[in-house]
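*Asks:* Handing you this structure, nothing more for now.
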Amino acid sequence: MPSSTAFLRAFGAHVPERVVANAEIAAQIGRTPEWIESVSGIRERRWASPEMGVADLAVAAAEDCLSQAGVPASQLGLLMVASGSAPGGFPGPAAAVAERLGLDSTPAFDLPMASAGSLFGMAIAARLAEAHGDVLVVAAEKMSDVLNAGPLDPNTAMLFGDGAGAVLVSSQPGPWRVVDSILHTDGHFRGSLNFDWKSPLHMDGLSVILQASRKLPTVIAEVLERNGVAARDVAAFLLHQANQNLLARVAKSLGADAERVFSNVARYGNTSSASMLIAAAEWSREARRDGSVIFSGFGAGFHWGAVLAHSV
Amino acid sequence: MNDAIRRERLLGVLAKITKQPLPTDSEESLFESGLLDSFALPDLVGALEEEFSIKVPDADLNPRKFDSIARIEAYLAERASA
């Protein structure tokens, strides 16, 4: 479904100050810091303070994004907040984020999705921008609350961090034009990765990695092929930062230069839905790179997809 | 392809991926024995597709189907007879 009327105007991010190094986690799960880094590429992550919640993280990233864009919150036509770690019940964090941004009638809704939430939000925003103008997509996660809801699990405790990212998608011109997007869901494997606040986080790592290893490069190739772009010509791949080994595998499967797959997983761990937008915010503040950009994510559900954008 | 040839080719693929001696018990879990991990499994599936000229559909990407030599053999036999 090609789109030519939506632009990415700016990205924003926020990560908590507290750095949790591998050594702190390793001591609690009976592993070594080196083992954690070897299996994930993660050296440290950020964990928010007890008083900071998903909505607080989201507001900080939203304000950073709006500041980067030079757009006041009052100009927003729509707000989406993705999170898989927001506390249960209703209303979700979107209402609180809207209120904290000073909005009192702008529509705002939640995407209760983990890792692929920001990708889905960005793609949907691009399809709605013509009707809503400036659409702010925020993804915020406090995965430390998820991990600490029960005893630390050696298989998951070292993976996740807290943080938030944001992107302003707009009908008004910005640095990148959204060219196309593809979204997929297959609920057959929803039991492979799930969390409900009543039981500890469950992750069948074998199933998740097996599916992600196949689905991420396939959907990226799908969106590139139907727009006549070769993987080797993509300037940057901004992917969900799940695991360094997975990022490398995706690059290899696509025949892409691994250097073009942006990675900050070593510093922040897997921040679930926030990770792709935190990566995009950091990437966008480095030296400007013209050309095609791929955004892609995969997560619990399974939900996955890809967005292709070109610099303007 | 008869069972003996299939097994010989399967063992060749497994040896290439795991780079370790394979279990003599075909029912032994390749995951629990440490021969396969989450990143070797996608390599194994890709190698099986190449060796046996098949496409493993996403619906079949269930680790349990590839948990032992016996299970992989059963899957390959099922695919051959489909």
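Here's how to read the names in the structure tokens: chain A, B, ... by the order shown, residue numbers from 1 in each chain, ligand numbers from 1 in the order shown.
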As a tab-separated table (two decimals) with C-alpha atoms, in the first residue's frame, could you give me every residue of chain A near chain B (at most 7 Å apart, counting only C-alpha atoms)?

*Replies:*
chain	number	residue	atom	x	y	z
A	205	GLY	CA	13.43	-17.95	22.99
A	206	LEU	CA	13.86	-20.73	20.45
A	207	SER	CA	10.49	-20.00	18.88
A	209	ILE	CA	14.33	-16.19	17.41
A	210	LEU	CA	13.36	-18.80	14.82
A	211	GLN	CA	10.32	-16.82	13.73
A	213	SER	CA	15.01	-14.68	11.93

*Asks:* Taking only C-alpha atoms into account, produce a table as a Markdown table in which each residue of segment 35-62 of chain A with an atom at most 9 Å from an atom of segment 146-169 of chain A appears once, together with its shortest atom pair and the distance in Å to one decimal, ordered by chain and rising number.

*Replies:*
| residue | atom | partner | partner_atom | distance |
| --- | --- | --- | --- | --- |
| A:Ile36 | CA | A:Met158 | CA | 6.7 |
| A:Ser40 | CA | A:Leu159 | CA | 7.3 |
| A:Ile42 | CA | A:Leu159 | CA | 7.3 |
| A:Glu44 | CA | A:Gly161 | CA | 8.5 |
| A:Arg45 | CA | A:Gly161 | CA | 5.1 |
| A:Arg46 | CA | A:Gly161 | CA | 5.3 |
| A:Trp47 | CA | A:Asp162 | CA | 5.2 |
| A:Ala48 | CA | A:Asp162 | CA | 6.3 |
| A:Val54 | CA | A:Ala164 | CA | 8.3 |
| A:Leu57 | CA | A:Ala164 | CA | 5.6 |
| A:Ala58 | CA | A:Ala164 | CA | 5.6 |
| A:Val59 | CA | A:Ala164 | CA | 8.7 |
| A:Ala60 | CA | A:Ala164 | CA | 7.8 |
| A:Ala61 | CA | A:Gly165 | CA | 5.3 |
| A:Ala62 | CA | A:Ala166 | CA | 5.7 |

*Asks:* Which of segment 4-227 of chain A end up as strand (DSSP E) when DSSP is run on this backbone - answer as a PyMOL selection string?

*Replies:* chain A and resi 7-14+19-21+44-46+76-82+108-111+134-142+162-170+176-185+193-194+202-203

*Asks:* What's the separation between atom CA of Ala129 of chain A and atom CA of Ser171 of chain A, in Å to one decimal place?

*Replies:*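 Calculated distance between atom CA of Ala129 of chain A and atom CA of Ser171 of chain A is 5.2 Å.
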
*Asks:* One decimal, Å: what's the distance from atom CA of Leu247 of chain A over to atom CA of Val261 of chain A, could you say?

*Replies:*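 Distance reported for this atom pair: 7.1 Å.
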
*Asks:* Record the distance separating atom CA of Leu111 of chain A and atom CA of Gly84 of chain A, expressed in Å with one decimal.

*Replies:*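 Rounded to one decimal, the two atoms are 8.2 Å apart.
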
*Asks:* Considering only C-alpha atoms, state which residue in the set A:Arg214, A:Gly228, A:Val307, A:Gly12 is at the smallest distance from Lys55 of chain B.

*Replies:*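 Among the listed residues, A:Arg214 lies closest to Lys55 of chain B.
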
*Asks:* Pull the alpha helix (DSSP H) assignments for segment 90-245 of chain A out of DSSP run on the backbone, and list those residues as a ChimeraX atom specification.

*Replies:* /A:93-100,117-132,143-147,205-225,244-245

*Asks:* Residues near Ala131 of chain A, anyone? I mean within 10 Å using only C-alpha atoms, not counting same-chain ones fewer than 6 positions away, as a CSV table (one decimal) with N, CA and C atoms, in the first residue's frame.

*Replies:*
chain,number,residue,atom,x,y,z
A,77,GLY,N,-2.8,16.4,15.7
A,77,GLY,CA,-4.1,16.0,15.3
A,77,GLY,C,-4.5,14.6,15.8
A,78,LEU,N,-3.5,13.9,16.3
A,78,LEU,CA,-3.7,12.5,16.8
A,78,LEU,C,-2.5,12.1,17.6
A,125,ALA,N,0.1,5.6,11.5
A,125,ALA,CA,0.1,7.0,11.4
A,125,ALA,C,0.3,7.6,10.0
A,170,SER,N,3.6,13.2,9.7
A,170,SER,CA,2.8,14.3,9.4
A,170,SER,C,2.5,14.4,7.9
A,171,SER,N,1.4,15.1,7.6
A,171,SER,CA,1.1,15.4,6.2
A,171,SER,C,1.9,16.5,5.7
